[in-house]
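J.: Pasting model38.pdb here (PDB, C-alpha atoms):
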ATOM      1  CA  MET W   1    -109.296 -59.721 -11.535  1.00  0.00           C
ATOM      2  CA  ALA W   2    -105.932 -58.085 -10.915  1.00  0.00           C
ATOM      3  CA  HIS W   3    -104.452 -57.083  -7.571  1.00  0.00           C
ATOM      4  CA  TRP W   4    -102.706 -53.890  -6.583  1.00  0.00           C
ATOM      5  CA  LEU W   5    -101.161 -51.993  -3.703  1.00  0.00           C
ATOM      6  CA  VAL W   6    -101.583 -48.257  -3.122  1.00  0.00           C
ATOM      7  CA  LYS W   7     -99.653 -46.221  -0.591  1.00  0.00           C
ATOM      8  CA  SER W   8    -100.901 -43.359   1.507  1.00  0.00           C
ATOM      9  CA  GLU W   9     -99.247 -41.469   4.305  1.00  0.00           C
ATOM     10  CA  PRO W  10    -101.710 -41.833   7.183  1.00  0.00           C
ATOM     11  CA  PHE W  11    -101.316 -38.208   8.275  1.00  0.00           C
ATOM     12  CA  LYS W  12    -102.470 -37.169   4.774  1.00  0.00           C
ATOM     13  CA  TYR W  13    -105.123 -39.837   4.132  1.00  0.00           C
ATOM     14  CA  SER W  14    -105.536 -42.770   6.501  1.00  0.00           C
ATOM     15  CA  TRP W  15    -107.446 -46.020   6.253  1.00  0.00           C
ATOM     16  CA  ASP W  16    -109.819 -44.720   8.951  1.00  0.00           C
ATOM     17  CA  GLN W  17    -110.566 -41.604   6.895  1.00  0.00           C
ATOM     18  CA  PHE W  18    -111.060 -43.752   3.779  1.00  0.00           C
ATOM     19  CA  VAL W  19    -113.589 -45.911   5.629  1.00  0.00           C
ATOM     20  CA  LYS W  20    -115.343 -42.801   6.932  1.00  0.00           C
ATOM     21  CA  ASP W  21    -115.521 -41.360   3.402  1.00  0.00           C
ATOM     22  CA  GLY W  22    -116.790 -44.655   1.935  1.00  0.00           C
ATOM     23  CA  ARG W  23    -115.190 -43.922  -1.438  1.00  0.00           C
ATOM     24  CA  THR W  24    -112.382 -41.780  -2.782  1.00  0.00           C
ATOM     25  CA  HIS W  25    -110.584 -40.839  -5.949  1.00  0.00           C
ATOM     26  CA  TRP W  26    -106.904 -41.803  -6.028  1.00  0.00           C
ATOM     27  CA  ASP W  27    -105.327 -38.687  -7.430  1.00  0.00           C
ATOM     28  CA  GLY W  28    -102.037 -36.800  -7.369  1.00  0.00           C
ATOM     29  CA  VAL W  29     -99.971 -39.648  -8.818  1.00  0.00           C
ATOM     30  CA  ARG W  30     -97.138 -38.122 -10.849  1.00  0.00           C
ATOM     31  CA  ASN W  31     -94.837 -41.092 -11.392  1.00  0.00           C
ATOM     32  CA  HIS W  32     -95.245 -42.415 -14.944  1.00  0.00           C
ATOM     33  CA  GLN W  33     -95.016 -46.103 -13.942  1.00  0.00           C
ATOM     34  CA  ALA W  34     -97.558 -45.624 -11.143  1.00  0.00           C
ATOM     35  CA  ALA W  35     -99.824 -43.731 -13.572  1.00  0.00           C
ATOM     36  CA  LYS W  36     -99.523 -46.598 -16.050  1.00  0.00           C
ATOM     37  CA  ASN W  37    -100.613 -48.956 -13.273  1.00  0.00           C
ATOM     38  CA  LEU W  38    -103.649 -46.753 -12.572  1.00  0.00           C
ATOM     39  CA  LYS W  39    -104.562 -46.902 -16.266  1.00  0.00           C
ATOM     40  CA  THR W  40    -104.405 -50.712 -16.124  1.00  0.00           C
ATOM     41  CA  MET W  41    -106.809 -51.052 -13.188  1.00  0.00           C
ATOM     42  CA  ALA W  42    -110.276 -52.439 -13.868  1.00  0.00           C
ATOM     43  CA  VAL W  43    -113.523 -52.187 -11.938  1.00  0.00           C
ATOM     44  CA  GLY W  44    -113.575 -55.018  -9.398  1.00  0.00           C
ATOM     45  CA  ASP W  45    -109.794 -55.257  -9.001  1.00  0.00           C
ATOM     46  CA  ARG W  46    -108.746 -55.590  -5.369  1.00  0.00           C
ATOM     47  CA  VAL W  47    -106.223 -53.266  -3.744  1.00  0.00           C
ATOM     48  CA  PHE W  48    -104.081 -53.442  -0.617  1.00  0.00           C
ATOM     49  CA  PHE W  49    -104.150 -50.122   1.275  1.00  0.00           C
ATOM     50  CA  TYR W  50    -100.672 -49.495   2.666  1.00  0.00           C
ATOM     51  CA  HIS W  51     -99.730 -46.865   5.241  1.00  0.00           C
ATOM     52  CA  SER W  52     -96.377 -45.397   4.196  1.00  0.00           C
ATOM     53  CA  ASN W  53     -93.920 -43.351   6.264  1.00  0.00           C
ATOM     54  CA  GLU W  54     -95.880 -44.012   9.489  1.00  0.00           C
ATOM     55  CA  GLY W  55     -96.889 -47.572  10.251  1.00  0.00           C
ATOM     56  CA  LEU W  56     -95.308 -49.117   7.152  1.00  0.00           C
ATOM     57  CA  GLU W  57     -97.974 -51.801   6.872  1.00  0.00           C
ATOM     58  CA  ILE W  58    -100.929 -53.045   4.858  1.00  0.00           C
ATOM     59  CA  VAL W  59    -104.009 -52.114   6.874  1.00  0.00           C
ATOM     60  CA  GLY W  60    -106.969 -52.738   4.587  1.00  0.00           C
ATOM     61  CA  ILE W  61    -108.403 -53.995   1.329  1.00  0.00           C
ATOM     62  CA  ALA W  62    -110.167 -51.784  -1.194  1.00  0.00           C
ATOM     63  CA  GLU W  63    -111.806 -52.275  -4.573  1.00  0.00           C
ATOM     64  CA  VAL W  64    -111.572 -50.301  -7.798  1.00  0.00           C
ATOM     65  CA  VAL W  65    -115.009 -48.823  -8.546  1.00  0.00           C
ATOM     66  CA  ALA W  66    -114.146 -46.480 -11.435  1.00  0.00           C
ATOM     67  CA  THR W  67    -111.398 -46.867 -14.010  1.00  0.00           C
ATOM     68  CA  ALA W  68    -108.855 -44.231 -14.964  1.00  0.00           C
ATOM     69  CA  TYR W  69    -110.093 -40.759 -15.856  1.00  0.00           C
ATOM     70  CA  PRO W  70    -108.273 -37.405 -16.095  1.00  0.00           C
ATOM     71  CA  ASP W  71    -106.846 -36.041 -12.851  1.00  0.00           C
ATOM     72  CA  PRO W  72    -108.011 -32.415 -12.669  1.00  0.00           C
ATOM     73  CA  SER W  73    -105.080 -31.556 -10.378  1.00  0.00           C
ATOM     74  CA  ASP W  74    -102.734 -32.104 -13.351  1.00  0.00           C
ATOM     75  CA  PRO W  75    -102.809 -28.938 -15.475  1.00  0.00           C
ATOM     76  CA  ALA W  76    -100.936 -30.705 -18.299  1.00  0.00           C
ATOM     77  CA  GLY W  77    -103.647 -33.375 -18.542  1.00  0.00           C
ATOM     78  CA  ARG W  78    -101.197 -36.299 -18.669  1.00  0.00           C
ATOM     79  CA  PHE W  79    -102.100 -38.052 -15.434  1.00  0.00           C
ATOM     80  CA  VAL W  80    -105.171 -39.982 -14.317  1.00  0.00           C
ATOM     81  CA  MET W  81    -106.959 -41.122 -11.190  1.00  0.00           C
ATOM     82  CA  VAL W  82    -109.247 -44.009 -10.262  1.00  0.00           C
ATOM     83  CA  ASP W  83    -111.986 -44.373  -7.671  1.00  0.00           C
ATOM     84  CA  LEU W  84    -111.659 -46.816  -4.792  1.00  0.00           C
ATOM     85  CA  LYS W  85    -113.967 -47.974  -2.026  1.00  0.00           C
ATOM     86  CA  PRO W  86    -112.930 -49.706   1.193  1.00  0.00           C
ATOM     87  CA  ILE W  87    -113.858 -53.369   1.527  1.00  0.00           C
ATOM     88  CA  THR W  88    -112.414 -54.542   4.851  1.00  0.00           C
ATOM     89  CA  PRO W  89    -109.689 -53.812   7.329  1.00  0.00           C
ATOM     90  CA  VAL W  90    -107.196 -56.618   7.758  1.00  0.00           C
ATOM     91  CA  LYS W  91    -107.261 -58.591  11.008  1.00  0.00           C
ATOM     92  CA  VAL W  92    -103.474 -58.534  11.347  1.00  0.00           C
ATOM     93  CA  PRO W  93    -101.623 -55.661   9.608  1.00  0.00           C
ATOM     94  CA  LEU W  94     -98.757 -56.861   7.430  1.00  0.00           C
ATOM     95  CA  THR W  95     -95.623 -54.847   8.127  1.00  0.00           C
ATOM     96  CA  LEU W  96     -92.953 -53.915   5.634  1.00  0.00           C
ATOM     97  CA  LYS W  97     -90.409 -55.749   7.789  1.00  0.00           C
ATOM     98  CA  ARG W  98     -92.441 -58.949   7.600  1.00  0.00           C
ATOM     99  CA  ILE W  99     -92.849 -58.514   3.838  1.00  0.00           C
ATOM    100  CA  LYS W 100     -89.102 -58.004   3.346  1.00  0.00           C
ATOM    101  CA  ASP W 101     -88.251 -60.986   5.566  1.00  0.00           C
ATOM    102  CA  ASP W 102     -90.668 -63.404   3.884  1.00  0.00           C
ATOM    103  CA  PRO W 103     -89.306 -65.300   0.859  1.00  0.00           C
ATOM    104  CA  VAL W 104     -92.706 -65.251  -0.868  1.00  0.00           C
ATOM    105  CA  LEU W 105     -93.391 -61.563  -0.322  1.00  0.00           C
ATOM    106  CA  SER W 106     -89.875 -60.123  -0.598  1.00  0.00           C
ATOM    107  CA  GLU W 107     -90.285 -60.092  -4.393  1.00  0.00           C
ATOM    108  CA  MET W 108     -93.254 -57.704  -4.227  1.00  0.00           C
ATOM    109  CA  GLN W 109     -92.944 -54.474  -6.196  1.00  0.00           C
ATOM    110  CA  LEU W 110     -93.420 -52.708  -2.850  1.00  0.00           C
ATOM    111  CA  VAL W 111     -89.928 -53.954  -1.984  1.00  0.00           C
ATOM    112  CA  LYS W 112     -88.321 -53.936  -5.437  1.00  0.00           C
ATOM    113  CA  GLN W 113     -89.542 -50.446  -6.394  1.00  0.00           C
ATOM    114  CA  SER W 114     -90.068 -48.922  -2.985  1.00  0.00           C
ATOM    115  CA  ARG W 115     -90.809 -45.399  -4.243  1.00  0.00           C
ATOM    116  CA  LEU W 116     -93.671 -46.554  -6.485  1.00  0.00           C
ATOM    117  CA  SER W 117     -97.006 -45.452  -4.974  1.00  0.00           C
ATOM    118  CA  VAL W 118     -99.226 -47.754  -7.063  1.00  0.00           C
ATOM    119  CA  CYS W 119     -97.919 -51.217  -7.857  1.00  0.00           C
ATOM    120  CA  PRO W 120     -99.173 -54.611  -8.999  1.00  0.00           C
ATOM    121  CA  VAL W 121     -99.390 -57.614  -6.684  1.00  0.00           C
ATOM    122  CA  THR W 122     -99.260 -61.124  -8.156  1.00  0.00           C
ATOM    123  CA  ASP W 123    -102.110 -63.548  -7.502  1.00  0.00           C
ATOM    124  CA  ASP W 124     -99.795 -65.750  -5.404  1.00  0.00           C
ATOM    125  CA  GLN W 125     -98.546 -62.803  -3.346  1.00  0.00           C
ATOM    126  CA  TRP W 126    -102.125 -61.625  -2.847  1.00  0.00           C
ATOM    127  CA  ALA W 127    -103.409 -64.996  -1.630  1.00  0.00           C
ATOM    128  CA  TYR W 128    -100.424 -65.564   0.634  1.00  0.00           C
ATOM    129  CA  ALA W 129    -100.563 -62.052   2.152  1.00  0.00           C
ATOM    130  CA  CYS W 130    -104.313 -62.334   2.726  1.00  0.00           C
ATOM    131  CA  GLY W 131    -103.707 -65.578   4.620  1.00  0.00           C
ATOM    132  CA  LEU W 132    -101.160 -63.839   6.857  1.00  0.00           C
ATOM    133  CA  MET W 133    -103.551 -60.967   7.509  1.00  0.00           C
ATOM    134  CA  GLY W 134    -106.536 -63.178   8.319  1.00  0.00           C
ATOM    135  CA  VAL W 135    -108.758 -62.082   5.436  1.00  0.00           C
ATOM    136  CA  PRO W 136    -110.199 -64.098   2.545  1.00  0.00           C
ATOM    137  CA  ALA W 137    -108.295 -63.886  -0.724  1.00  0.00           C
TER     138      ALA W 137
END
Please express the file's structure as structure tokens.

T.:
Amino acid sequence: MAHWLVKSEPFKYSWDQFVKDGRTHWDGVRNHQAAKNLKTMAVGDRVFFYHSNEGLEIVGIAEVVATAYPDPSDPAGRFVMVDLKPITPVKVPLTLKRIKDDPVLSEMQLVKQSRLSVCPVTDDQWAYACGLMGVPA
């Protein structure tokens, strides 16, 4: 199982809305590296749900429930989307400041490629971050 992080601006699509919906398709990704990451995702992979712009923190954990398929909002047909479902909110949100200040987490792609909306998380980073947020890895 691989681990990922997806970003969403809470005023556009928040964790609370995601939980209310129960499942969503992750569409609209137009960065080629982020799209490549979507194509790599497998059913069962776990995903950190990160609030960008407002909050700047990991607020929940989701799971991939459908692998990459064509994004109908892309008229050129080059980009894909995946389906995600919420698993659990975190007990203690993990802020970007804390991530940047922590020697284990400061190497996350979230920090290194801050504009990337879908990025991988290593197994070690995942386990460590889960411990900080009070959720099982």

J.: Could you tell me, as a PyMOL selection string, exactly which residues end up selected when the PyMOL selection byres ((chain W and resi 132) around 12) is applied to this structure?

T.: chain W and resi 58+90-95+98-99+102+104-105+125-131+133-137

J.: Using all atoms listed in the file, which protein or nucleic acid residues come within 10 Å of segment 73-78 of chain W? Drop anything in the same chain fewer than 4 positions from it, and give the result as a count of residues only.

T.: 6

J.: Pick from W:Asp83, W:Asp16, W:Asp101, W:Glu9: nearest to Ala68 of chain W, with all atoms listed in the file counted?

T.: W:Asp83

J.: Which one is closest to Trp4 of chain W: W:Ala42, W:Ala34, W:Val64, W:Val47? Count all atoms listed in the file.

T.: W:Val47

J.: Mind telling me what the PyMOL selection byres ((chain W and resi 115) around 12) catches here, as a list of chain:residue names?

T.: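 Residues picked by the PyMOL selection byres ((chain W and resi 115) around 12): W:Val6, W:Lys7, W:Ser8, W:Val29, W:Arg30, W:Asn31, W:His32, W:Gln33, W:Ala34, W:Ser52, W:Asn53, W:Gln109, W:Leu110, W:Val111, W:Lys112, W:Gln113, W:Ser114, W:Leu116, W:Ser117, W:Val118, W:Cys119.
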
J.: Kindly give the distance, in Å, that separates atom CA of Tyr69 of chain W and atom CA of Met41 of chain W, rounded to a single decimal.

T.: 11.1 Å

J.: Mind pulling up the distance from atom CA of Lys36 of chain W to atom CA of Ser106 of chain W?

T.: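 About the pair atom CA of Ser106 of chain W and atom CA of Lys36 of chain W: they are 22.7 Å apart.
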
J.: Can you work out which one of W:Lys97, W:Lys39, W:Lys85, W:His51 has the shortest atom-to-atom distance to Pro10 of chain W, counting only C-alpha atoms?

T.: W:His51

J.: Translate the PyMOL selection byres ((chain W and resi 82) around 6), as applied to the file shown, into an explicit residue set as a ChimeraX atom specification.

T.: /W:25-26,66-68,81,83

J.: Just checking: using only C-alpha atoms, which residue out of W:Leu5, W:Ala62, W:Met108, W:Leu96 ends up closest to Leu84 of chain W?

T.: W:Ala62
